[in-house]
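See below for the structure under consideration.
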Amino acid sequence: MIHALANPVRFLKIAKPLTPVLVWGGLALLLFGAWAGLTQTPPDYLQGETVRILYLHVPAAWLGMGGWSGIAISSIAYLVWRHPLAAVSARACAVPGALFAAICLATGSIWGRPTWGTWWQWDGRLTSMLLLFFVYLAYIALSRADAARGGDARIPALFGVAGTVLLPIIRYSVVWWNTLHQGQSLSLTKSTIDNAILWPLAFTLSGFTLLFAGIVLIRMRAILASSKVEARMRRMAAA
């Protein structure tokens, strides 16, 4: 299945109708989750209304890390099988991943001010997420420079794999270091957040995830279209 989708023509036949489904479906879930989180849940007994930032902060943190996971998986696929679409997929994940990492940092800072009494604290999770954001920027610059000089995308792919070292550090930072950031609130098996507050998060998390996937498909289609135009221009110049 993966090898079949590596063909740009087959990929575009699937991506074109799938893109609006992901984008509009994600927006619908996101809007419902935001409405529910802002109007249908009680304030937290300690944090008050500030707790509602979690409906944006948690999905942003998830997709900030998920975006780099997409880069890493695509980079490995490119290095192993040399699928050109894998390199395109990695490039497409970078900008939305960096955006969500930035949103995670911004909302975490806004959340931290009334909760911790400070906008920023150099604790393990915040610092490692900031490093991931900078690594995103470095990857974007590297991949654009590689594309501009007509490179084979191998160097950005190696960088994409190397950057995954930050993901377990971010994930387990609150376990390894006892710092200001609260411990793990959510896992696959349990949650320390009351269900009365938690339930809209499923909708915003799903909505942002679908929207992220839709944006990645849009960017992949744009990169492929740009490459096709450039190839046509080169053929015309050589004629």
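Following the order of the structure tokens, chains are lettered A, B, ..., residues in each are numbered from 1, and ligands are numbered from 1.
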Within chain A, find each residue whose DSSP state, derived from the backbone, is helix (DSSP H, G or I), and express the selection as a ChimeraX atom specification. /A:2-5,8-39,49-81,84-116,124-148,154-176,195-238
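Those residues that approach A:Leu56 to within 9 Å, counting only C-alpha atoms, are Ala34, Arg52, Ala60, Ala61, Ile103, Cys104, Thr107, Leu201, Thr204, Leu205 and Phe208 of chain A; same-chain residues fewer than 4 positions away are not listed.
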May I have the residues within 8 Å of A:Val161 as a list in words, using only C-alpha atoms and disregarding those fewer than 6 positions away in the same chain?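 Within the cut-off, the hits are Ile71, Ala72, Ile73, Ser75 and Ile76 of chain A.
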Store the residues picked out above in a file with C-alpha atoms, as an mmCIF file, in the first residue's frame.
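Heads up, here's the output in out.cif:
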```
data_model
loop_
_atom_site.group_PDB
_atom_site.id
_atom_site.type_symbol
_atom_site.label_atom_id
_atom_site.label_comp_id
_atom_site.auth_asym_id
_atom_site.auth_seq_id
_atom_site.Cartn_x
_atom_site.Cartn_y
_atom_site.Cartn_z
ATOM 1 C CA ILE A 71 9.136 14.139 9.533
ATOM 2 C CA ALA A 72 11.138 11.286 11.065
ATOM 3 C CA ILE A 73 8.953 8.512 9.612
ATOM 4 C CA SER A 75 12.722 10.674 6.369
ATOM 5 C CA ILE A 76 13.334 7.025 7.235
#
```
Counting only C-alpha atoms, what is within 12 Å of A:Ile110, bar same-chain residues fewer than 2 positions away, as a ChimeraX atom specification? /A:50-54,56-57,103-108,112-120
Include C-alpha atoms and write out the residues we just selected as a PDB file, in the first residue's frame.
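Final file, again28.pdb:
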```pdb
ATOM      1  CA  THR A  50      -7.556  29.363  33.112  1.00  0.00           C
ATOM      2  CA  VAL A  51      -7.931  25.602  32.799  1.00  0.00           C
ATOM      3  CA  ARG A  52      -9.759  26.068  29.481  1.00  0.00           C
ATOM      4  CA  ILE A  53      -6.418  26.739  27.777  1.00  0.00           C
ATOM      5  CA  LEU A  54      -5.875  22.963  27.860  1.00  0.00           C
ATOM      6  CA  LEU A  56      -5.697  24.356  22.754  1.00  0.00           C
ATOM      7  CA  HIS A  57      -2.460  23.700  24.631  1.00  0.00           C
ATOM      8  CA  ILE A 103       1.351  27.620  19.853  1.00  0.00           C
ATOM      9  CA  CYS A 104       2.261  25.104  22.558  1.00  0.00           C
ATOM     10  CA  LEU A 105       4.979  27.414  23.890  1.00  0.00           C
ATOM     11  CA  ALA A 106       2.740  30.509  23.732  1.00  0.00           C
ATOM     12  CA  THR A 107      -0.271  28.896  25.418  1.00  0.00           C
ATOM     13  CA  GLY A 108       1.974  27.240  27.999  1.00  0.00           C
ATOM     14  CA  GLY A 112       1.862  29.493  33.436  1.00  0.00           C
ATOM     15  CA  ARG A 113       1.486  33.159  34.340  1.00  0.00           C
ATOM     16  CA  PRO A 114      -1.585  32.830  36.614  1.00  0.00           C
ATOM     17  CA  THR A 115      -0.760  29.246  37.620  1.00  0.00           C
ATOM     18  CA  TRP A 116       2.951  29.524  38.428  1.00  0.00           C
ATOM     19  CA  GLY A 117       3.258  33.286  38.798  1.00  0.00           C
ATOM     20  CA  THR A 118       5.727  33.564  35.897  1.00  0.00           C
ATOM     21  CA  TRP A 119       5.569  33.643  32.112  1.00  0.00           C
ATOM     22  CA  TRP A 120       8.555  31.351  31.645  1.00  0.00           C
TER      23      TRP A 120
END
```
Closest of A:Asn7, A:Arg219, A:Thr209, A:Ile170 to A:Leu85 - atom-to-atom distances counting only C-alpha atoms: A:Asn7
Return the single residue from A:Met65, A:Val216, A:Ala141, A:Leu126 that is closest to A:Ser109, with distances computed using only C-alpha atoms.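 Distance minimum relative to A:Ser109 lands on A:Leu126.
Straight-line separation from atom CA of A:Phe133 to atom CA of A:Ile218: 21.9 Å.
Ranking A:Pro84, A:Gly151, A:Pro20, A:Gly207 by their shortest atom-to-atom distance to A:Pro59, with only C-alpha atoms included, puts A:Gly207 first.
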Which neighbours of A:Ala87 fall inside 7 Å, counting only C-alpha atoms, when residues of the same chain fewer than 4 positions from it are skipped, and could you give them as a list in words?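 Here the answer would be Ser74, Ser75, Tyr78, Arg91 and Ala153 of chain A.
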Using only C-alpha atoms for the distances, tell me which of A:Val135, A:Ala222, A:Ala213, A:Cys93 is nearest to A:Gly70.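 Using only C-alpha atoms, the shortest distance to A:Gly70 belongs to A:Cys93.
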Could you state the separation of atom CA of A:Leu211 and atom CA of A:Leu63 in Å, given to one decimal place?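 Going from atom CA of A:Leu211 over to atom CA of A:Leu63 covers 10.5 Å.
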As an MDAnalysis selection string, please: every residue in stretch 5-237 of chain A that a backbone DSSP assignment puts in strand (DSSP E or B). chainID A and resid 44 48 186 191
Just-selected residues, N, CA and C atoms written as a CSV table (one decimal), in the first residue's frame:
```csv
chain,number,residue,atom,x,y,z
A,44,ASP,N,-12.1,25.0,36.9
A,44,ASP,CA,-11.3,24.1,37.8
A,44,ASP,C,-11.3,24.8,39.2
A,48,GLY,N,-9.4,27.8,38.1
A,48,GLY,CA,-10.5,28.6,37.6
A,48,GLY,C,-10.7,28.5,36.1
A,186,LEU,N,-2.2,13.0,31.4
A,186,LEU,CA,-3.0,12.1,30.5
A,186,LEU,C,-2.1,11.0,30.0
A,191,SER,N,-6.2,9.3,33.6
A,191,SER,CA,-6.2,10.7,33.5
A,191,SER,C,-6.4,11.3,34.9
```
Identify which of the residues A:Ser128, A:Ser227, A:Ser206, A:Thr39 lies closest to A:Val23, counting only C-alpha atoms when measuring atom-to-atom distances.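 Among the listed residues, the smallest separation from A:Val23 belongs to A:Ser206.
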